[in-house]
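To keep things clear, I will list the structure first and then write my remarks on it.
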Amino acid sequence: MNICSFNALEKKEALELLIPCGQSAVWARNVAALRPFTSFDELRTNAASEWQALPEEEQSKALALHPLIGDVEMLKEKFSDDHKNRLAKSEQGQVLSSSEAVIEELAQQNEAYYQRHGFIFIVYAKGKSADEMLQILNLRINNATADEFANAAAEHQRITQSRLQDIFDES
């Protein structure tokens, strides 16, 4: 898809593309309402700005919709052929080839992270092995919760921008 095609979409169609990217219907409606965009870069910039403008409560809701890093059963379900599920597969596909021990430790550390911070561990997983994600989780788990929320929001932005890039032909 290119930016002209995106601009021409009906609102419902635009939302169907945007919601899986940002995990927030509010964010998606705000971004779609800014059309038409003159370039993909303008869309990306506005997408980031609209995320920053969301109340923390809405950001928290969006973060909660991300798949749990290392949840193999959830990932297998998400590996069907629809658009949203292709995004998840491209982001965490390497986890399925990890050892049982690493996946088990990821699950345990994810639970510990959630208990400590009150939200799931978010990391831009594309291209990372399960071992790498586990190392990152272990480095971040003892951070202050406010710092971790900021880290999660920043990682969410990387994920959103990557998902947008995957949709559009332009760079």
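Identifiers in the structure tokens: chain A, B, ... in order shown; residue index from 1 per chain; ligand index from 1 in order shown.
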
Write out as a PyMOL selection string which residues come within 6 Å of Tyr124 (chain A) when counting only C-alpha atoms, dropping same-chain ones fewer than 2 positions away. chain A and resi 126+155+159

Mind writing the picked residues with N, CA and C atoms as a short mmCIF file (atom, residue, chain, number, x, y, z; two decimals), in the first residue's frame?
```cif
data_model
loop_
_atom_site.label_atom_id
_atom_site.label_comp_id
_atom_site.auth_asym_id
_atom_site.auth_seq_id
_atom_site.Cartn_x
_atom_site.Cartn_y
_atom_site.Cartn_z
N LYS A 126 11.44 -7.97 17.04
CA LYS A 126 11.80 -8.34 15.67
C LYS A 126 13.31 -8.52 15.54
N GLU A 155 9.25 1.16 23.51
CA GLU A 155 9.30 -0.08 22.74
C GLU A 155 8.02 -0.25 21.92
N ILE A 159 7.59 -0.82 17.88
CA ILE A 159 6.74 -1.86 17.31
C ILE A 159 5.73 -1.24 16.35
#
```

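Separating CA of Asp166 (chain A) from CA of Leu68 (chain A) is a distance of 20.9 Å.
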
So which residues of chain A fall under alpha helix (DSSP H) by DSSP, listed as a PyMOL selection string? chain A and resi 3-8+11-22+25-33+40-53+56-64+72-78+83-92+100-117+130-140+145-167

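For Glu16 (chain A), the non-local neighbours within 12 Å, defined as residues at least 4 positions apart in the same chain or in other chains and counting only C-alpha atoms, are A:Phe6, A:Leu9, A:Glu10, A:Lys11, A:Lys12, A:Pro20, A:Cys21, A:Gly22, A:Gln23, A:Ser24, A:Ala25, A:Ala28, A:Arg29, A:Ala32, A:Asp82, A:His83, A:Lys84, A:Ile167.
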
Could the residues in this selection be written to a file with N, CA and C atoms, as an mmCIF file, in the first residue's frame?
```cif
data_model
loop_
_atom_site.group_PDB
_atom_site.id
_atom_site.type_symbol
_atom_site.label_atom_id
_atom_site.label_comp_id
_atom_site.auth_asym_id
_atom_site.auth_seq_id
_atom_site.Cartn_x
_atom_site.Cartn_y
_atom_site.Cartn_z
ATOM 1 N N PHE A 6 -3.775 4.754 1.104
ATOM 2 C CA PHE A 6 -4.201 4.844 2.497
ATOM 3 C C PHE A 6 -5.128 6.038 2.700
ATOM 4 N N LEU A 9 -8.734 5.352 1.598
ATOM 5 C CA LEU A 9 -9.525 4.328 2.275
ATOM 6 C C LEU A 9 -10.703 4.935 3.022
ATOM 7 N N GLU A 10 -11.782 4.175 3.098
ATOM 8 C CA GLU A 10 -12.883 4.535 3.977
ATOM 9 C C GLU A 10 -12.346 4.501 5.409
ATOM 10 N N LYS A 11 -12.978 5.254 6.298
ATOM 11 C CA LYS A 11 -12.517 5.329 7.683
ATOM 12 C C LYS A 11 -12.392 3.938 8.305
ATOM 13 N N LYS A 12 -13.396 3.107 8.111
ATOM 14 C CA LYS A 12 -13.398 1.763 8.693
ATOM 15 C C LYS A 12 -12.186 0.954 8.226
ATOM 16 N N PRO A 20 -4.287 -2.696 14.643
ATOM 17 C CA PRO A 20 -3.269 -3.694 14.998
ATOM 18 C C PRO A 20 -1.855 -3.106 15.112
ATOM 19 N N CYS A 21 -1.614 -1.992 14.460
ATOM 20 C CA CYS A 21 -0.292 -1.362 14.543
ATOM 21 C C CYS A 21 -0.055 -0.729 15.907
ATOM 22 N N GLY A 22 -1.046 -0.014 16.400
ATOM 23 C CA GLY A 22 -0.876 0.734 17.637
ATOM 24 C C GLY A 22 -1.616 0.181 18.831
ATOM 25 N N GLN A 23 -2.420 -0.854 18.606
ATOM 26 C CA GLN A 23 -3.154 -1.528 19.677
ATOM 27 C C GLN A 23 -4.134 -0.612 20.409
ATOM 28 N N SER A 24 -4.498 0.515 19.825
ATOM 29 C CA SER A 24 -5.409 1.449 20.473
ATOM 30 C C SER A 24 -6.385 2.002 19.448
ATOM 31 N N ALA A 25 -7.667 1.787 19.709
ATOM 32 C CA ALA A 25 -8.690 2.332 18.815
ATOM 33 C C ALA A 25 -8.702 3.854 18.875
ATOM 34 N N ALA A 28 -5.800 5.022 16.794
ATOM 35 C CA ALA A 28 -6.095 4.792 15.378
ATOM 36 C C ALA A 28 -7.083 5.831 14.839
ATOM 37 N N ARG A 29 -8.135 6.118 15.611
ATOM 38 C CA ARG A 29 -9.113 7.133 15.172
ATOM 39 C C ARG A 29 -8.436 8.501 15.034
ATOM 40 N N ALA A 32 -6.187 8.377 11.878
ATOM 41 C CA ALA A 32 -7.006 8.350 10.649
ATOM 42 C C ALA A 32 -7.655 9.703 10.386
ATOM 43 N N ASP A 82 -4.431 -14.110 8.810
ATOM 44 C CA ASP A 82 -4.938 -12.753 8.689
ATOM 45 C C ASP A 82 -3.841 -11.723 8.955
ATOM 46 N N HIS A 83 -4.099 -10.496 8.552
ATOM 47 C CA HIS A 83 -3.096 -9.421 8.587
ATOM 48 C C HIS A 83 -2.510 -9.199 9.974
ATOM 49 N N LYS A 84 -3.351 -9.096 10.967
ATOM 50 C CA LYS A 84 -2.891 -8.830 12.336
ATOM 51 C C LYS A 84 -1.957 -9.937 12.805
ATOM 52 N N ILE A 167 3.196 -2.348 6.426
ATOM 53 C CA ILE A 167 1.975 -2.147 5.640
ATOM 54 C C ILE A 167 2.240 -1.354 4.359
#
```
